[in-house]
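Reviewing the structure listed below.
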Amino acid sequence: ILQPRTKTVSRKSLCILNNRRVLGVENMKIILVFLFTASLALSAKAEKDYSSFDSAASPETKSRFAMLDDVRILANGLLQLGHGLKDFVHKTKGQMNDIFQKLYIFDRSFYELSLQTSEIKEEEEQLRQTTARLQINNEEIKNLSQEMNSKIEDLIQNKIQLQEKVWGLEDKVTKLATIQPSMQETEEISSLKAFVEQQDNNIKQLLKIVEDQHVQLDRQHNQIMELEDKLNHIELQELSENSFAGEQTEAEGISFPVRNTTAATHQPDGVAPDCTALYNGSTQFSGVYTIKPNGSEAFDVYCEMKFGTSWTVIQNRVDGSLDFNQTWDAYANGFGDLSEEFWLGLNKTYSITKQGDYILRIELRDWKDNKRYIEYAFSLGGPETDYTLQLSRISGSIPNALPEQTELRFSAPDTDLDMRNDFNCPENYLGGWWHSECEETNLNGKYVAPKSRGRLHRGKGLYWKPKKGRYYLLKSTKIMIHPTDLKSFD
């Protein structure tokens, strides 16, 4: 782009120099003509004066030599003028040489600038190509990172499954090491095992038949309810269309049953001892119900219908809208809204569990919406034992984070019952819980979003932390109980 411009500028400079040369030559010509004309005029004047001098021939007239003096003066002036013109020519020539030298430098600078511009263009093209390659490499790295993350998640899941299998194998090896039966006992055990397997298969078949029948009964029950609703609707229409003034007073005392399936709180005819009994009494919808455990007053609970039965929910956390950093009395009596986040209360939970044997199910969900659970056989003491909890793991899809076969006493921030090394667990971890040596597993802790990375917040957050495993930062938790005299619901 710059080379044509350089040539144009050089051409313009040459034209200017040529014009200046022409003007200098023309000026020189004019000066020489002027000098020549002046010399002719002076010569003519001298001859005229001389001729007049000869004609007069008077001794009083000027001498002819006086005219020669004038000529000499004129010649001297012309000589000085010639020297001046010579100096002017030399000066003009020096200025023209300077102009030529500057034009040469200017042309060379433009040439070097054009070379640099070409190099910059080449470097710009190389930079553009390098940027394109880096973008491609960045996309490849991003895809590889996503694949690595998915593989890491799979590896973590496989590790959890392998740990559970290893624990099961360790239990079996321990039992085999402590019990070494004789050959006769081994044969008897084998025969009993075969008999038990056969009975188990028969029971599974019966359960399958019962479940099929239960499904059919549910379907028929729903059809009957729909038919009743249609019948009630038809009767109400007939009543409104065919009613007369005299029949209206008679119809005022007639009530037509209308089934409400959207109400959140249900009041059944007979008050049941727990949610499972409600389900067995044909209550098929999750919601808030009134129960009355044996030896206790009636109170409301949230019943969740799942796995073909009903569970009594004792804790529910979904979004952190409720502060669980409560006092001992609040944890004893319960707090929150049964339709949202709540803690049922230790007194109410104890009144339910003292009726028989129950299992405890904990459902967890992390911030990636991965759902896991764990189930325990458990026992809960009364207020005189500070609601001591004892657990025994049954099944689950996450490693255990609570000590088994250990009596864990409940404690709250205002009444810590387990002081170890002057460290108050509920005060430092917030919320009431069955603490054991101030571990970091606390499902009643402060609700923390993933953006909080500080250690202080991690300790006070909603976590599930096995002794040998990573933190599980939780988004929601749910704790439920169910009697153990029915089938297990995994």
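A note on labels: chains of the structure tokens are A, B, ... as shown, every chain counts residues from 1, and ligands are counted from 1 in their shown order.
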
Problem - Within 6 Å of segment 399-413 of chain A using only C-alpha atoms, minus same-chain residues under 5 positions, as a ChimeraX atom specification - result: /A:328,386-392,426-427,432-434,465-466

Would you output that residue set with N, CA, C and O atoms, as a compact mmCIF listing (two decimals), in the first residue's frame?
# COMPACT_ATOMS: atom_id res chain seq x y z
N TRP A 328 -33.29 -26.01 72.98
CA TRP A 328 -33.64 -27.38 73.37
C TRP A 328 -35.16 -27.56 73.40
O TRP A 328 -35.68 -28.58 72.91
N ASP A 386 -32.31 -38.11 77.62
CA ASP A 386 -31.92 -37.08 76.64
C ASP A 386 -32.10 -37.58 75.21
O ASP A 386 -31.32 -37.24 74.32
N TYR A 387 -33.15 -38.38 74.99
CA TYR A 387 -33.52 -38.89 73.68
C TYR A 387 -32.33 -39.60 73.01
O TYR A 387 -31.93 -39.29 71.88
N THR A 388 -31.78 -40.56 73.73
CA THR A 388 -30.61 -41.30 73.24
C THR A 388 -30.98 -42.10 71.99
O THR A 388 -32.01 -42.78 71.95
N LEU A 389 -30.12 -42.00 70.97
CA LEU A 389 -30.33 -42.68 69.69
C LEU A 389 -29.28 -43.77 69.52
O LEU A 389 -28.09 -43.57 69.77
N GLN A 390 -29.75 -44.95 69.08
CA GLN A 390 -28.84 -46.07 68.79
C GLN A 390 -29.20 -46.63 67.42
O GLN A 390 -30.37 -46.93 67.14
N LEU A 391 -28.18 -46.78 66.54
CA LEU A 391 -28.40 -47.11 65.14
C LEU A 391 -27.74 -48.42 64.77
O LEU A 391 -26.72 -48.81 65.36
N SER A 392 -28.30 -49.08 63.73
CA SER A 392 -27.69 -50.26 63.11
C SER A 392 -28.04 -50.22 61.62
O SER A 392 -29.22 -50.32 61.25
N PRO A 426 -22.85 -28.27 69.43
CA PRO A 426 -23.98 -27.54 68.84
C PRO A 426 -23.71 -26.06 68.68
O PRO A 426 -24.15 -25.44 67.73
N GLU A 427 -22.95 -25.45 69.62
CA GLU A 427 -22.68 -24.03 69.51
C GLU A 427 -21.80 -23.72 68.31
O GLU A 427 -21.95 -22.71 67.65
N GLY A 432 -29.49 -28.45 66.69
CA GLY A 432 -29.47 -29.62 67.56
C GLY A 432 -29.29 -30.91 66.79
O GLY A 432 -29.80 -31.07 65.67
N TRP A 433 -28.54 -31.86 67.38
CA TRP A 433 -28.26 -33.11 66.68
C TRP A 433 -27.71 -34.14 67.66
O TRP A 433 -27.34 -33.81 68.80
N TRP A 434 -27.67 -35.40 67.21
CA TRP A 434 -27.05 -36.47 68.00
C TRP A 434 -25.55 -36.47 67.69
O TRP A 434 -25.08 -37.24 66.85
N LYS A 465 -20.74 -36.48 56.12
CA LYS A 465 -19.29 -36.71 56.06
C LYS A 465 -18.95 -38.06 56.70
O LYS A 465 -18.89 -38.20 57.92
N PRO A 466 -18.75 -39.12 55.88
CA PRO A 466 -18.23 -40.38 56.42
C PRO A 466 -16.83 -40.20 56.98
O PRO A 466 -16.11 -39.26 56.63

Show me a table, sorted first by chain and then by increasing residue number, of the residues of segment 340-359 of chain A having an atom at most 12 Å from segment 473-481 of chain A, each with its shortest atom pair and the distance in Å to one decimal, counting only C-alpha atoms and written as JSON lines.
{"residue": "A:Glu340", "atom": "CA", "partner": "A:Lys478", "partner_atom": "CA", "distance": 11.3}
{"residue": "A:Glu341", "atom": "CA", "partner": "A:Lys478", "partner_atom": "CA", "distance": 9.6}
{"residue": "A:Phe342", "atom": "CA", "partner": "A:Lys478", "partner_atom": "CA", "distance": 9.9}
{"residue": "A:Trp343", "atom": "CA", "partner": "A:Ile479", "partner_atom": "CA", "distance": 9.5}
{"residue": "A:Leu344", "atom": "CA", "partner": "A:Ile479", "partner_atom": "CA", "distance": 10.1}
{"residue": "A:Thr349", "atom": "CA", "partner": "A:Ile481", "partner_atom": "CA", "distance": 8.9}
{"residue": "A:Tyr350", "atom": "CA", "partner": "A:Ile481", "partner_atom": "CA", "distance": 11.1}
{"residue": "A:Ile352", "atom": "CA", "partner": "A:Ile481", "partner_atom": "CA", "distance": 9.2}
{"residue": "A:Thr353", "atom": "CA", "partner": "A:Ile481", "partner_atom": "CA", "distance": 8.4}
{"residue": "A:Gly356", "atom": "CA", "partner": "A:Ile481", "partner_atom": "CA", "distance": 11.6}
{"residue": "A:Asp357", "atom": "CA", "partner": "A:Ile481", "partner_atom": "CA", "distance": 10.0}
{"residue": "A:Tyr358", "atom": "CA", "partner": "A:Ile481", "partner_atom": "CA", "distance": 6.3}
{"residue": "A:Ile359", "atom": "CA", "partner": "A:Ile481", "partner_atom": "CA", "distance": 5.6}

Serialized selection, N, CA and C atoms, as a PDB file, in the first residue's frame:
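Dumped to selection.pdb:
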ATOM      1  N   GLU A 340     -43.903 -27.423  54.559  1.00  0.00           N
ATOM      2  CA  GLU A 340     -42.654 -26.929  53.972  1.00  0.00           C
ATOM      3  C   GLU A 340     -41.469 -27.500  54.752  1.00  0.00           C
ATOM      4  N   GLU A 341     -40.673 -26.635  55.396  1.00  0.00           N
ATOM      5  CA  GLU A 341     -39.559 -27.114  56.210  1.00  0.00           C
ATOM      6  C   GLU A 341     -40.009 -27.217  57.675  1.00  0.00           C
ATOM      7  N   PHE A 342     -39.592 -28.319  58.343  1.00  0.00           N
ATOM      8  CA  PHE A 342     -40.045 -28.488  59.730  1.00  0.00           C
ATOM      9  C   PHE A 342     -39.177 -29.531  60.437  1.00  0.00           C
ATOM     10  N   TRP A 343     -39.297 -29.514  61.765  1.00  0.00           N
ATOM     11  CA  TRP A 343     -38.771 -30.552  62.659  1.00  0.00           C
ATOM     12  C   TRP A 343     -39.946 -30.990  63.523  1.00  0.00           C
ATOM     13  N   LEU A 344     -40.344 -32.280  63.442  1.00  0.00           N
ATOM     14  CA  LEU A 344     -41.557 -32.758  64.096  1.00  0.00           C
ATOM     15  C   LEU A 344     -41.486 -32.589  65.608  1.00  0.00           C
ATOM     16  N   THR A 349     -41.889 -37.725  68.181  1.00  0.00           N
ATOM     17  CA  THR A 349     -41.217 -38.873  67.574  1.00  0.00           C
ATOM     18  C   THR A 349     -41.102 -40.022  68.565  1.00  0.00           C
ATOM     19  N   TYR A 350     -40.786 -39.707  69.819  1.00  0.00           N
ATOM     20  CA  TYR A 350     -40.666 -40.753  70.844  1.00  0.00           C
ATOM     21  C   TYR A 350     -42.008 -41.417  71.106  1.00  0.00           C
ATOM     22  N   ILE A 352     -44.293 -41.947  69.014  1.00  0.00           N
ATOM     23  CA  ILE A 352     -44.598 -42.878  67.918  1.00  0.00           C
ATOM     24  C   ILE A 352     -43.732 -44.130  68.019  1.00  0.00           C
ATOM     25  N   THR A 353     -42.421 -43.963  68.232  1.00  0.00           N
ATOM     26  CA  THR A 353     -41.496 -45.109  68.176  1.00  0.00           C
ATOM     27  C   THR A 353     -41.622 -46.029  69.382  1.00  0.00           C
ATOM     28  N   GLY A 356     -43.509 -49.612  69.103  1.00  0.00           N
ATOM     29  CA  GLY A 356     -42.963 -50.842  68.528  1.00  0.00           C
ATOM     30  C   GLY A 356     -41.603 -50.567  67.904  1.00  0.00           C
ATOM     31  N   ASP A 357     -41.146 -51.532  67.056  1.00  0.00           N
ATOM     32  CA  ASP A 357     -39.857 -51.394  66.381  1.00  0.00           C
ATOM     33  C   ASP A 357     -40.039 -50.624  65.073  1.00  0.00           C
ATOM     34  N   TYR A 358     -39.145 -49.660  64.847  1.00  0.00           N
ATOM     35  CA  TYR A 358     -39.216 -48.815  63.655  1.00  0.00           C
ATOM     36  C   TYR A 358     -37.864 -48.795  62.947  1.00  0.00           C
ATOM     37  N   ILE A 359     -37.921 -48.470  61.637  1.00  0.00           N
ATOM     38  CA  ILE A 359     -36.703 -48.228  60.874  1.00  0.00           C
ATOM     39  C   ILE A 359     -36.632 -46.744  60.546  1.00  0.00           C
TER      40      ILE A 359
END

Problem - Long-range neighbours of Met305 of chain A as a ChimeraX atom specification, 10 Å cut-off, only C-alpha atoms, 6 positions minimum in chain - result: /A:275-276,279,283-287,311-312

Using only N, CA, C and O atoms, please write the residues we just selected to a file, as a compact mmCIF listing (two decimals), in the first residue's frame.
# COMPACT_ATOMS: atom_id res chain seq x y z
N CYS A 275 -48.71 -43.00 60.44
CA CYS A 275 -49.07 -42.87 59.02
C CYS A 275 -49.28 -44.23 58.36
O CYS A 275 -50.10 -44.34 57.44
N THR A 276 -48.56 -45.25 58.81
CA THR A 276 -48.73 -46.58 58.21
C THR A 276 -50.13 -47.11 58.46
O THR A 276 -50.77 -47.71 57.58
N TYR A 279 -52.47 -45.46 56.11
CA TYR A 279 -52.41 -46.03 54.77
C TYR A 279 -53.20 -47.34 54.72
O TYR A 279 -53.91 -47.60 53.74
N THR A 283 -56.01 -44.59 53.17
CA THR A 283 -55.55 -43.23 52.91
C THR A 283 -54.38 -43.31 51.94
O THR A 283 -53.31 -43.80 52.30
N GLN A 284 -54.55 -42.82 50.72
CA GLN A 284 -53.60 -43.07 49.64
C GLN A 284 -52.84 -41.81 49.17
O GLN A 284 -52.10 -41.88 48.20
N PHE A 285 -53.02 -40.68 49.83
CA PHE A 285 -52.44 -39.44 49.34
C PHE A 285 -51.52 -38.84 50.40
O PHE A 285 -51.83 -38.85 51.59
N SER A 286 -50.38 -38.31 49.94
CA SER A 286 -49.45 -37.64 50.85
C SER A 286 -50.05 -36.32 51.33
O SER A 286 -50.73 -35.62 50.58
N GLY A 287 -49.79 -35.98 52.59
CA GLY A 287 -50.30 -34.73 53.13
C GLY A 287 -50.22 -34.71 54.64
O GLY A 287 -49.59 -35.57 55.26
N TRP A 311 -45.00 -43.30 55.17
CA TRP A 311 -43.92 -43.01 56.11
C TRP A 311 -44.26 -41.74 56.89
O TRP A 311 -44.82 -40.79 56.34
N THR A 312 -43.88 -41.72 58.17
CA THR A 312 -44.06 -40.53 59.00
C THR A 312 -42.78 -39.69 58.92
O THR A 312 -41.71 -40.16 59.30

Exercise for the section: Write out as a list of chain:residue names all residues of segment 357-450 of chain A that DSSP puts in helix (DSSP H, G or I) for this structure's backbone. Expected result: A:Pro383, A:Glu384, A:Thr385, A:Cys425, A:Pro426, A:Glu427, A:Asn428, A:Tyr429

Selected residues written out with N, CA and C atoms, as a tab-separated table (two decimals), in the first residue's frame:
chain	number	residue	atom	x	y	z
A	383	PRO	N	-37.27	-38.60	77.23
A	383	PRO	CA	-36.63	-37.37	77.73
A	383	PRO	C	-35.71	-37.62	78.91
A	384	GLU	N	-35.98	-38.69	79.70
A	384	GLU	CA	-35.11	-38.97	80.84
A	384	GLU	C	-33.71	-39.42	80.41
A	385	THR	N	-33.58	-39.90	79.16
A	385	THR	CA	-32.26	-40.31	78.63
A	385	THR	C	-31.70	-39.28	77.65
A	425	CYS	N	-20.18	-28.66	70.72
A	425	CYS	CA	-20.50	-29.04	69.33
A	425	CYS	C	-21.69	-28.27	68.77
A	426	PRO	N	-22.85	-28.27	69.43
A	426	PRO	CA	-23.98	-27.54	68.84
A	426	PRO	C	-23.71	-26.06	68.68
A	427	GLU	N	-22.95	-25.45	69.62
A	427	GLU	CA	-22.68	-24.03	69.51
A	427	GLU	C	-21.80	-23.72	68.31
A	428	ASN	N	-20.85	-24.61	68.01
A	428	ASN	CA	-19.93	-24.36	66.92
A	428	ASN	C	-20.47	-24.85	65.58
A	429	TYR	N	-21.32	-25.88	65.61
A	429	TYR	CA	-21.85	-26.40	64.35
A	429	TYR	C	-23.28	-25.97	64.09
